[in-house]
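Visitor: Okay, so here is target_7.cif, and as you'll see once you scroll down, it has mmCIF, C-alpha atoms.
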```cif
data_target
#
loop_
_atom_site.label_atom_id
_atom_site.label_comp_id
_atom_site.auth_asym_id
_atom_site.auth_seq_id
_atom_site.Cartn_x
_atom_site.Cartn_y
_atom_site.Cartn_z
CA MET I 1 104.88 135.60 80.54
CA ASN I 2 105.53 133.86 77.27
CA THR I 3 102.27 131.99 77.23
CA ALA I 4 99.75 134.64 76.32
CA VAL I 5 100.24 134.75 72.59
CA GLN I 6 100.76 131.05 72.09
CA GLY I 7 97.22 130.34 73.24
CA GLU I 8 97.82 129.06 76.75
CA ALA I 9 95.96 131.12 79.32
CA PRO I 10 98.18 133.32 81.47
CA ALA I 11 98.74 131.90 84.93
CA GLU I 12 96.80 133.11 87.94
CA GLY I 13 99.75 135.10 89.19
CA VAL I 14 100.10 136.88 85.87
CA ILE I 15 96.56 138.24 86.15
CA ALA I 16 97.37 139.50 89.63
CA ASP I 17 100.64 141.01 88.39
CA TYR I 18 98.87 142.70 85.48
CA LEU I 19 96.23 144.23 87.71
CA ALA I 20 98.91 145.36 90.16
CA ASN I 21 100.99 146.90 87.34
CA ARG I 22 103.87 144.57 88.06
CA LEU I 23 104.42 143.42 84.47
CA SER I 24 106.90 144.98 82.10
CA GLU I 25 105.42 146.88 79.15
CA THR I 26 106.15 143.97 76.80
CA GLU I 27 104.57 141.47 79.18
CA ALA I 28 101.53 143.68 79.71
CA GLN I 29 101.05 144.03 75.96
CA GLU I 30 101.29 140.26 75.50
CA PHE I 31 98.73 139.82 78.22
CA GLU I 32 96.40 142.34 76.60
CA LEU I 33 96.79 140.66 73.22
CA TYR I 34 95.67 137.42 74.81
CA CYS I 35 92.67 139.24 76.29
CA LEU I 36 91.74 140.64 72.88
CA ARG I 37 91.87 137.17 71.41
CA HIS I 38 89.95 135.60 74.31
CA PRO I 39 87.03 137.80 75.31
CA ASP I 40 85.81 135.45 78.03
CA PHE I 41 89.23 135.57 79.62
CA ALA I 42 89.15 139.38 79.35
CA ARG I 43 85.79 139.40 81.13
CA HIS I 44 87.30 137.25 83.86
CA VAL I 45 90.12 139.78 84.26
CA GLU I 46 87.55 142.58 84.40
CA ARG I 47 85.69 140.76 87.17
CA GLU I 48 88.95 140.41 89.07
CA LEU I 49 89.43 144.15 88.69
CA ALA I 50 85.85 144.74 89.81
CA LEU I 51 86.43 142.61 92.90
CA LYS I 52 89.53 144.63 93.72
CA THR I 53 87.65 147.86 93.14
CA GLY I 54 84.81 146.74 95.39
CA LEU I 55 87.21 145.79 98.17
CA ARG I 56 89.04 149.09 97.85
CA GLU I 57 85.74 150.91 98.01
CA LEU I 58 84.78 149.07 101.18
CA HIS I 59 88.18 149.77 102.66
CA ARG I 60 87.90 153.43 101.70
CA SER I 61 84.40 153.67 103.18
CA ALA I 62 85.46 152.53 106.61
CA PRO I 63 89.19 153.17 106.98
CA GLN I 64 88.85 153.99 110.66
CA ILE I 65 87.57 150.52 111.33
CA SER I 66 89.73 148.54 108.98
CA SER I 67 92.91 150.17 110.20
CA ALA I 68 92.00 149.95 113.84
CA GLY I 69 92.91 147.28 116.39
CA ARG I 70 94.21 143.99 115.10
CA LYS I 71 92.75 141.85 117.85
CA ARG I 72 90.35 139.40 116.32
CA TYR I 73 88.08 136.53 117.25
CA GLY I 74 90.09 133.35 117.14
CA GLY I 75 93.32 135.28 117.20
CA ARG I 76 93.41 135.99 113.47
CA PRO I 77 93.72 139.55 112.17
CA LEU I 78 90.86 140.52 109.95
CA ALA I 79 90.88 144.20 109.23
CA LEU I 80 89.00 143.95 105.98
CA ALA I 81 86.07 142.06 107.37
CA ALA I 82 85.82 144.65 110.08
CA SER I 83 85.56 147.30 107.43
CA VAL I 84 82.18 145.96 106.46
CA ALA I 85 80.84 146.72 109.91
CA VAL I 86 79.57 150.11 108.86
CA PHE I 87 77.66 148.59 105.97
CA ALA I 88 76.34 145.70 108.03
CA SER I 89 75.08 147.76 110.90
CA ALA I 90 73.74 150.41 108.54
CA ALA I 91 71.82 147.77 106.64
CA LEU I 92 70.36 146.30 109.78
CA LEU I 93 69.45 149.63 111.26
CA PHE I 94 67.92 150.83 108.03
CA GLN I 95 65.50 147.96 107.92
CA TYR I 96 62.76 149.69 109.83
CA SER I 97 63.71 153.24 109.09
CA LEU I 98 60.09 154.26 108.60
CA ASP I 99 59.27 152.98 112.05
CA LYS I 100 60.23 155.55 114.66
CA ARG I 101 60.65 153.07 117.51
CA PRO I 102 64.19 152.32 118.73
CA SER I 103 66.02 149.78 116.62
CA LEU I 104 67.72 146.58 117.58
CA VAL I 105 71.18 145.91 116.27
CA ALA I 106 72.60 142.53 115.35
CA PHE I 107 75.66 141.36 113.47
CA ARG I 108 76.18 138.37 111.26
CA SER I 109 79.72 137.66 112.33
CA MET I 110 82.35 138.75 114.79
CA ALA I 111 84.11 140.44 111.93
CA ASP I 112 81.13 142.76 111.38
CA ILE I 113 81.25 144.09 114.91
CA PRO I 114 82.82 147.52 115.44
CA ASP I 115 86.06 147.49 117.35
CA PRO I 116 84.85 148.98 120.64
CA LEU I 117 82.28 146.21 121.00
CA ARG I 118 84.47 143.43 119.67
CA SER I 119 86.79 143.57 122.63
CA SER I 120 83.95 143.13 125.10
CA ALA I 121 82.96 139.90 126.87
CA VAL I 122 81.07 137.40 124.74
CA SER I 123 78.38 135.13 126.21
CA GLN I 124 77.26 132.27 124.07
CA VAL I 125 73.86 130.64 123.91
CA ARG I 126 72.87 127.68 121.76
CA LEU I 127 69.20 127.38 120.91
CA ILE I 128 68.07 123.90 119.96
CA ARG I 129 64.43 122.86 119.77
CA MET I 130 63.55 120.49 122.62
CA ARG I 131 60.43 118.48 121.83
CA GLY I 132 57.44 119.60 123.88
CA SER I 133 59.30 122.43 125.57
CA ASP I 134 58.64 126.09 125.04
CA ALA I 135 60.25 127.31 128.23
CA ALA I 136 62.36 130.39 127.86
CA THR I 137 66.10 129.85 127.67
CA ARG I 138 67.76 132.10 130.20
CA VAL I 139 70.93 133.87 129.14
CA SER I 140 73.14 135.63 131.60
CA ALA I 141 75.34 138.26 130.05
CA SER I 142 77.40 141.26 130.98
CA ALA I 143 75.47 144.42 130.15
CA ARG I 144 78.52 145.73 128.36
CA GLY I 145 79.13 142.53 126.47
CA LEU I 146 77.94 140.68 123.43
CA VAL I 147 75.78 137.62 123.11
CA ASP I 148 76.65 135.07 120.49
CA ILE I 149 73.34 133.41 119.65
CA ARG I 150 73.62 130.09 117.87
CA LEU I 151 70.55 128.37 116.55
CA VAL I 152 69.96 125.02 114.97
CA PRO I 153 66.96 125.23 112.64
CA ASP I 154 64.66 122.20 112.68
CA SER I 155 63.85 122.39 109.02
CA ILE I 156 66.28 122.58 106.16
CA ALA I 157 65.89 125.60 103.93
CA GLU I 158 65.88 124.65 100.26
CA SER I 159 67.85 127.76 99.43
CA GLY I 160 70.32 127.09 102.24
CA ILE I 161 69.71 130.66 103.39
CA TYR I 162 67.92 131.53 106.60
CA SER I 163 66.66 134.59 108.37
CA VAL I 164 66.41 135.21 112.07
CA GLN I 165 63.89 137.60 113.55
CA ILE I 166 64.31 139.00 117.04
CA SER I 167 61.29 140.64 118.64
CA ALA I 168 60.15 141.35 122.17
CA GLU I 169 57.63 138.84 123.53
CA SER I 170 55.48 141.49 125.12
CA GLN I 171 54.20 144.70 123.56
CA SER I 172 57.35 146.65 123.15
CA SER I 173 58.61 150.00 122.11
CA THR I 174 61.50 148.27 120.37
CA LYS I 175 61.16 147.37 116.73
CA PRO I 176 61.68 143.76 115.72
CA LEU I 177 64.77 143.04 113.70
CA ILE I 178 65.20 140.58 110.85
CA VAL I 179 68.70 139.43 110.01
CA ARG I 180 68.56 137.98 106.52
CA GLY I 181 70.96 135.99 104.39
CA LEU I 182 72.32 133.72 107.11
CA ARG I 183 74.06 130.51 106.16
CA PRO I 184 74.84 127.74 108.63
CA THR I 185 78.39 127.53 109.92
CA PRO I 186 80.27 124.31 109.15
CA ASP I 187 78.98 122.85 112.43
CA GLY I 188 75.37 123.53 111.43
CA TYR I 189 74.56 126.60 113.52
CA LEU I 190 73.16 129.91 112.42
CA GLN I 191 75.02 132.62 114.23
CA VAL I 192 73.96 136.14 115.22
CA PHE I 193 75.69 138.52 117.59
CA VAL I 194 73.70 141.03 119.62
CA PRO I 195 74.85 143.64 122.10
CA ALA I 196 73.60 142.42 125.49
CA ALA I 197 72.59 145.86 126.73
CA GLN I 198 69.63 146.08 124.38
CA MET I 199 68.35 142.62 125.36
CA ILE I 200 68.73 142.42 129.14
CA GLY I 201 65.64 142.47 131.32
CA ARG I 202 63.19 141.11 128.77
CA VAL I 203 62.01 137.94 127.09
CA TRP I 204 62.62 137.86 123.37
CA LEU I 205 61.23 135.70 120.62
CA VAL I 206 63.94 134.52 118.29
CA SER I 207 62.39 133.14 115.10
CA VAL I 208 64.26 131.27 112.45
CA GLY I 209 63.11 130.16 109.03
CA GLU I 210 63.98 130.12 105.39
CA ASP I 211 64.94 133.56 104.17
CA ALA I 212 61.65 134.27 102.46
CA ASP I 213 59.49 132.95 105.32
CA VAL I 214 60.60 134.90 108.36
CA GLY I 215 58.31 137.84 108.86
CA LYS I 216 55.40 135.97 107.25
CA GLN I 217 55.07 133.72 110.29
CA GLN I 218 55.03 130.58 108.16
CA GLY I 219 57.47 127.70 108.37
CA VAL I 220 59.15 129.53 111.21
CA GLU I 221 60.45 128.15 114.51
CA VAL I 222 60.36 130.36 117.54
CA PHE I 223 62.64 130.24 120.59
CA ARG I 224 61.90 132.18 123.76
CA VAL I 225 65.00 133.68 125.29
CA GLU I 226 65.23 135.65 128.50
CA PHE I 227 68.26 137.84 128.95
CA VAL I 228 69.40 138.74 132.44
CA ALA I 229 72.36 140.73 133.65
CA ALA I 230 75.29 138.61 134.80
CA GLY I 231 75.11 138.00 138.54
CA THR I 232 71.31 138.12 138.67
CA ALA I 233 70.53 134.73 137.13
CA HIS I 234 69.21 132.05 139.46
CA MET W 1 78.89 133.67 63.01
CA GLY W 2 76.34 132.15 65.34
CA PRO W 3 78.52 131.23 68.32
CA MET W 4 80.32 134.54 68.34
CA THR W 5 77.16 136.54 68.93
CA ASP W 6 76.42 134.86 72.21
CA SER W 7 79.07 136.03 74.62
CA GLU W 8 77.65 134.08 77.56
CA GLY W 9 77.44 130.78 75.75
CA ARG W 10 80.62 131.07 73.77
CA LYS W 11 83.62 128.97 74.62
CA ASP W 12 86.73 130.96 75.31
CA ALA W 13 88.12 130.22 71.90
CA GLU W 14 90.22 132.48 69.80
CA ILE W 15 88.30 135.00 67.78
CA SER W 16 87.72 133.77 64.30
CA SER W 17 89.25 136.89 62.90
CA GLY W 18 88.97 135.80 59.29
CA GLU W 19 85.27 135.15 59.67
CA ILE W 20 84.71 138.52 61.28
CA CYS W 21 86.77 140.41 58.71
CA ASP W 22 85.13 138.64 55.77
CA GLY W 23 81.66 139.15 57.26
CA ILE W 24 82.16 142.87 57.81
CA LYS W 25 83.58 143.33 54.32
CA ALA W 26 80.46 141.60 53.00
CA GLY W 27 78.22 144.00 54.95
CA SER W 28 77.14 141.60 57.68
CA ARG W 29 75.70 143.38 60.73
CA GLU W 30 76.10 140.16 62.66
CA ALA W 31 79.83 140.20 61.97
CA GLU W 32 80.03 143.81 63.16
CA ALA W 33 78.22 142.90 66.36
CA ALA W 34 80.60 139.96 66.82
CA LEU W 35 83.58 142.28 66.39
CA VAL W 36 82.32 144.56 69.13
CA ASP W 37 81.37 141.68 71.40
CA CYS W 38 84.74 139.98 71.02
CA LEU W 39 87.05 142.96 71.18
CA GLN W 40 85.35 145.28 73.64
CA PRO W 41 86.37 143.52 76.89
CA GLY W 42 90.03 143.37 75.82
CA LEU W 43 89.98 146.93 74.52
CA ARG W 44 88.62 148.15 77.84
CA LEU W 45 91.62 146.58 79.56
CA VAL W 46 94.10 147.96 77.03
CA LEU W 47 92.65 151.43 77.34
CA ARG W 48 92.21 151.40 81.09
CA ARG W 49 95.95 150.93 81.38
CA ALA W 50 96.81 153.27 78.52
CA THR W 51 94.77 156.07 80.07
CA GLY W 52 96.14 155.50 83.56
CA GLY W 53 92.78 154.30 84.84
CA ASP W 54 90.66 157.14 83.47
CA LEU W 55 87.55 155.06 82.90
CA GLU W 56 85.54 157.75 81.18
CA LEU W 57 88.32 158.44 78.71
CA ALA W 58 88.91 154.71 78.25
CA ARG W 59 85.23 154.29 77.37
CA GLU W 60 85.37 157.10 74.81
CA LEU W 61 88.53 155.77 73.21
CA CYS W 62 87.12 152.26 73.15
CA GLN W 63 84.18 153.48 71.09
CA GLU W 64 86.51 155.44 68.86
CA THR W 65 88.72 152.39 68.34
CA LEU W 66 85.76 150.24 67.36
CA VAL W 67 84.55 152.87 64.90
CA ILE W 68 87.97 153.01 63.28
CA LEU W 69 88.14 149.23 63.09
CA LEU W 70 84.69 148.95 61.56
CA LYS W 71 85.45 151.60 58.95
CA ARG W 72 88.71 149.92 58.07
CA LEU W 73 87.17 146.45 57.82
CA ARG W 74 84.20 147.69 55.78
CA THR W 75 86.54 149.24 53.22
CA ALA W 76 90.15 148.14 52.94
CA GLY W 77 90.04 145.19 55.34
CA LEU W 78 93.22 143.71 56.81
CA THR W 79 96.01 142.10 54.85
CA ASP W 80 96.28 139.42 57.51
CA PRO W 81 92.97 138.96 59.39
CA SER W 82 94.73 136.90 62.08
CA GLU W 83 96.33 140.18 63.15
CA LEU W 84 92.96 141.73 63.98
CA ALA W 85 93.56 141.65 67.77
CA ALA W 86 97.03 143.15 67.42
CA PHE W 87 95.71 145.80 65.06
CA ALA W 88 92.93 146.66 67.51
CA ALA W 89 95.39 146.92 70.39
CA GLN W 90 97.73 149.19 68.45
CA THR W 91 94.88 151.39 67.25
CA ALA W 92 93.65 151.79 70.83
CA ARG W 93 97.12 152.63 72.14
CA ASN W 94 97.70 155.12 69.33
CA LEU W 95 94.47 156.87 70.20
CA ALA W 96 95.47 157.05 73.86
CA ILE W 97 98.92 158.40 72.96
CA ALA W 98 97.36 160.98 70.64
CA HIS W 99 95.00 162.05 73.38
CA HIS W 100 97.85 162.46 75.88
CA ARG W 101 99.86 164.49 73.37
CA LYS W 102 96.91 166.75 72.75
CA GLU W 103 96.36 167.16 76.48
CA GLY W 104 100.09 167.76 76.98
CA ARG W 105 100.05 170.61 74.46
CA ARG W 106 97.09 172.16 76.26
CA ARG W 107 98.93 172.09 79.55
CA THR W 108 102.32 173.42 78.49
CA GLU W 109 101.91 176.34 80.84
CA ALA W 110 100.81 174.23 83.74
CA ASN W 111 102.87 172.43 86.31
CA ILE W 112 101.94 168.84 85.48
CA GLU W 113 103.53 167.38 88.60
CA ALA W 114 101.60 169.74 90.79
CA ILE W 115 98.39 168.82 89.03
CA GLU W 116 99.02 165.10 89.33
CA SER W 117 100.00 165.29 92.98
CA VAL W 118 96.62 166.72 93.94
CA SER W 119 93.84 164.22 94.23
CA ASP W 120 91.00 164.93 91.86
CA PRO W 121 88.24 166.60 93.85
CA ARG W 122 85.80 165.99 91.00
CA ARG W 123 86.07 162.26 91.06
CA ASP W 124 83.69 161.32 88.36
CA GLN W 125 80.27 160.82 89.81
CA THR W 126 79.45 157.93 87.50
CA GLU W 127 82.64 156.12 88.44
CA GLN W 128 81.99 156.74 92.11
CA LEU W 129 78.52 155.32 91.76
CA ALA W 130 79.91 152.27 90.02
CA ALA W 131 82.55 151.84 92.71
CA ASN W 132 79.89 152.18 95.41
CA ARG W 133 77.79 149.57 93.72
CA LEU W 134 80.74 147.19 93.53
CA GLY W 135 81.48 147.91 97.18
CA VAL W 136 77.97 146.88 98.13
CA ILE W 137 78.23 143.69 96.10
CA VAL W 138 81.63 142.84 97.57
CA HIS W 139 80.29 143.55 101.02
CA ARG W 140 77.56 141.04 100.43
CA LEU W 141 80.10 138.57 99.09
CA LEU W 142 82.25 138.94 102.20
CA GLY W 143 79.22 138.41 104.39
CA GLU W 144 78.51 135.14 102.66
CA LEU W 145 82.00 133.71 102.94
CA PRO W 146 81.99 130.87 105.45
CA THR W 147 85.06 131.77 107.48
CA ASP W 148 87.14 134.71 108.60
CA ARG W 149 90.10 133.05 106.93
CA ASP W 150 88.36 133.24 103.54
CA ARG W 151 87.74 136.95 104.02
CA MET W 152 91.36 137.39 104.98
CA VAL W 153 92.48 135.60 101.83
CA LEU W 154 90.45 137.98 99.67
CA LYS W 155 91.66 140.99 101.53
CA ARG W 156 95.31 140.10 101.23
CA TYR W 157 95.13 138.89 97.64
CA TYR W 158 93.00 141.63 96.13
CA LEU W 159 93.41 144.59 98.43
CA HIS W 160 96.98 144.28 99.62
CA GLU W 161 98.08 142.47 96.45
CA ASP W 162 100.12 140.03 98.50
CA PRO W 163 101.62 137.08 96.60
CA LYS W 164 99.74 133.81 96.90
CA ALA W 165 102.77 132.06 98.42
CA ASP W 166 102.96 134.58 101.27
CA ILE W 167 99.27 134.29 102.01
CA CYS W 168 99.39 130.49 102.04
CA ARG W 169 102.39 130.53 104.34
CA ASP W 170 100.94 133.05 106.78
CA LEU W 171 97.52 131.44 106.94
CA GLU W 172 98.94 127.92 106.87
CA MET W 173 96.96 127.02 103.79
CA SER W 174 97.70 124.63 100.98
CA ASP W 175 97.66 125.79 97.37
CA LEU W 176 94.54 123.78 96.85
CA ALA W 177 92.72 125.36 99.78
CA PHE W 178 93.71 128.82 98.55
CA ASN W 179 92.47 128.07 95.05
CA GLN W 180 89.20 126.75 96.42
CA VAL W 181 88.61 129.93 98.39
CA LEU W 182 89.21 132.06 95.30
CA PHE W 183 87.14 129.76 93.11
CA ARG W 184 84.14 129.91 95.42
CA ALA W 185 84.44 133.65 95.94
CA ARG W 186 84.72 134.35 92.23
CA ASN W 187 81.75 132.19 91.36
CA ARG W 188 79.64 133.85 93.99
CA PHE W 189 80.82 137.29 92.89
CA ARG W 190 79.82 136.49 89.32
CA ASP W 191 76.40 135.36 90.53
CA LEU W 192 75.97 138.53 92.56
CA LEU W 193 76.98 140.67 89.60
CA SER W 194 74.57 138.75 87.46
CA SER W 195 71.68 139.15 89.87
CA ALA W 196 72.49 142.86 90.02
CA GLY W 197 72.08 142.93 86.23
CA ILE W 198 75.63 143.94 85.47
CA ALA W 199 77.21 140.73 84.28
CA LYS W 200 77.40 141.51 80.59
CA GLU W 201 78.21 145.19 80.36
CA ASP W 202 81.05 147.32 81.48
CA LEU W 203 81.29 146.48 85.16
CA PHE W 204 82.47 149.97 85.94
CA ASP W 205 79.68 151.83 84.20
CA SER W 206 76.93 152.60 86.68
CA GLU W 207 74.68 153.85 83.90
CA HIS W 208 74.28 150.29 82.78
CA ALA W 209 73.07 149.11 86.16
#
```
Now, as a test, write the supplied structure out as structure tokens.

Guide:
Amino acid sequence: MNTAVQGEAPAEGVIADYLANRLSETEAQEFELYCLRHPDFARHVERELALKTGLRELHRSAPQISSAGRKRYGGRPLALAASVAVFASAALLFQYSLDKRPSLVAFRSMADIPDPLRSSAVSQVRLIRMRGSDAATRVSASARGLVDIRLVPDSIAESGIYSVQISAESQSSTKPLIVRGLRPTPDGYLQVFVPAAQMIGRVWLVSVGEDADVGKQQGVEVFRVEFVAAGTAH
Amino acid sequence: MGPMTDSEGRKDAEISSGEICDGIKAGSREAEAALVDCLQPGLRLVLRRATGGDLELARELCQETLVILLKRLRTAGLTDPSELAAFAAQTARNLAIAHHRKEGRRRTEANIEAIESVSDPRRDQTEQLAANRLGVIVHRLLGELPTDRDRMVLKRYYLHEDPKADICRDLEMSDLAFNQVLFRARNRFRDLLSSAGIAKEDLFDSEHA
């Protein structure tokens, strides 16, 4: 840590060490002197601290999830991402809080799914627009499992951000759900996870469009998907 | 003084201490604003550490430090203006030490260890609000990261404070890939802070949201 005063920015690791209180008093004071002389650098350090604080807050908010099982999709542990499950599901459920009908639940990623559900069977369906076809895609899933819905939007959103709306095709007592802020995965799919139990036995309209468009019924593509319990599909 | 008044547009150059000191001595309000703009972020860091993370106290002492500096620069000035940053740091630390001494005298009858071992049940509401707000923003950031691996990198680096080398080894990442993850996450975090209207002020002060 002899770089701070001479004008060279402290290395990445030094910022981490400072924020983790791993520097000696002399080193910390040198670091702070550099911050006082370089306000933009100091703001960068403050943002790093803010990011840490935000992560700690998330972790604190859902410790029971983030410290739970280590089994993860793809075999990688991801306790932190799981800790956002409470926020994610709360946000989705809150969407139609003024509407008293039962709510749908969906998750943006496997990491958002609470542990009890995450260990259940996952059925995958890929929805791709076939020219001239509006037949329902039939999905067979275990009632206790999850369905990984992957969609390829026909149009490219200028913002790069999409929304997916899920609503029952027929008059339904279930409220539609809009999952906003979706970005395509590296292989071009938008991905949403839904618990199969809430979907089975009905035909659903899955609409996808640019974030601002879904819900307005403009510039939106609609897929019809029928969910059936595993073992009953023909 | 022009460039120093625009914190967003300013290059991360050293403070032109002489310019600030001369300006304040000459009665320039612009120079005083530049002093605050330049020193406040660093002072917040100095005082956050000096107060053991007591953000409310750090905020108070930061204001007090700036008042002392302004008074000094309006009157006597500094013998060596290039020492402005060092002088500010020492003033801030002295104020924190003085505060602790005063508090220490007040608590001579109390069992300090017992007090410190109990978590504060009155966690400052403003700080909690600010932390909640940051939690929401970070949650959104995590949701936007493209892969589970990226989320894991953030978790281990910022939450568990694991060294970069350990993270790269465990996740089989190159240095470059690690830096790219952090770079993207930081940029997005800055954008999210900005769109939440909290990019310029104290990030931990919910009253400024």

Visitor: Give the residues of chain I that lie within 6 Å of chain W; count only C-alpha atoms, and format the answer as a PyMOL selection string.

Guide: chain I and resi 35-40+42-43+52+54+57-58+78+80

Visitor: Which residues are near Leu73 in chain W? Cut-off 7 Å, only C-alpha atoms, ignore same chain within fewer than 4 positions. Put them as a VMD selection string.

Guide: chain W and resid 21 24 to 25 69 77 to 78

Visitor: Provide the CA of Gln165 in chain I to CA of Phe227 in chain I distance in Å, to one decimal place.

Guide: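 CA of Phe227 in chain I lies 16.0 Å from CA of Gln165 in chain I.
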
Visitor: For Leu49 in chain I, which of W:Gly53, W:Gly18, W:Pro81, W:Gly197 is the closest residue, counting all atoms listed in the file?

Guide: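 The shortest atom-to-atom distance to Leu49 in chain I comes from W:Gly53.
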
Visitor: Give me the residues within 8 Å of Ser123 in chain I as a PyMOL selection string, counting all atoms listed in the file and dropping any in the same chain fewer than 5 places off.

Guide: chain I and resi 140-142+145-148

Visitor: Applied to the shown file, which residues does the PyMOL selection byres ((chain I and resi 150-164) around 6) return, written as a PDB file with C-alpha atoms, in the coordinates of the input?

Guide:
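Saved result, expr.pdb, follows:
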```pdb
ATOM      1  CA  ARG I 126      72.870 127.680 121.760  1.00  0.00           C
ATOM      2  CA  LEU I 127      69.200 127.380 120.910  1.00  0.00           C
ATOM      3  CA  ILE I 128      68.070 123.900 119.960  1.00  0.00           C
ATOM      4  CA  ILE I 149      73.340 133.410 119.650  1.00  0.00           C
ATOM      5  CA  GLN I 165      63.890 137.600 113.550  1.00  0.00           C
ATOM      6  CA  ILE I 178      65.200 140.580 110.850  1.00  0.00           C
ATOM      7  CA  VAL I 179      68.700 139.430 110.010  1.00  0.00           C
ATOM      8  CA  ARG I 180      68.560 137.980 106.520  1.00  0.00           C
ATOM      9  CA  GLY I 181      70.960 135.990 104.390  1.00  0.00           C
ATOM     10  CA  LEU I 182      72.320 133.720 107.110  1.00  0.00           C
ATOM     11  CA  ARG I 183      74.060 130.510 106.160  1.00  0.00           C
ATOM     12  CA  TYR I 189      74.560 126.600 113.520  1.00  0.00           C
ATOM     13  CA  LEU I 190      73.160 129.910 112.420  1.00  0.00           C
ATOM     14  CA  GLN I 191      75.020 132.620 114.230  1.00  0.00           C
ATOM     15  CA  SER I 207      62.390 133.140 115.100  1.00  0.00           C
ATOM     16  CA  VAL I 208      64.260 131.270 112.450  1.00  0.00           C
ATOM     17  CA  GLY I 209      63.110 130.160 109.030  1.00  0.00           C
ATOM     18  CA  GLU I 210      63.980 130.120 105.390  1.00  0.00           C
ATOM     19  CA  ASP I 211      64.940 133.560 104.170  1.00  0.00           C
TER      20      ASP I 211
END
```

Visitor: In Å, with one decimal, what is the gap from CA of Pro195 in chain I to CA of Arg60 in chain I?

Guide: 26.1 Å

Visitor: Kindly give the distance, in Å, that separates CA of Ala33 in chain W and CA of Leu66 in chain W, rounded to a single decimal.

Guide: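 That distance, rounded to one decimal, is 10.6 Å.
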
Visitor: Select all residues near (61.6, 131.5, 128.0) (cut-off 8 Å, inclusive, file coordinates), counting only C-alpha atoms, and output them as a ChimeraX atom specification.

Guide: /I:134-138,203-204,223-226
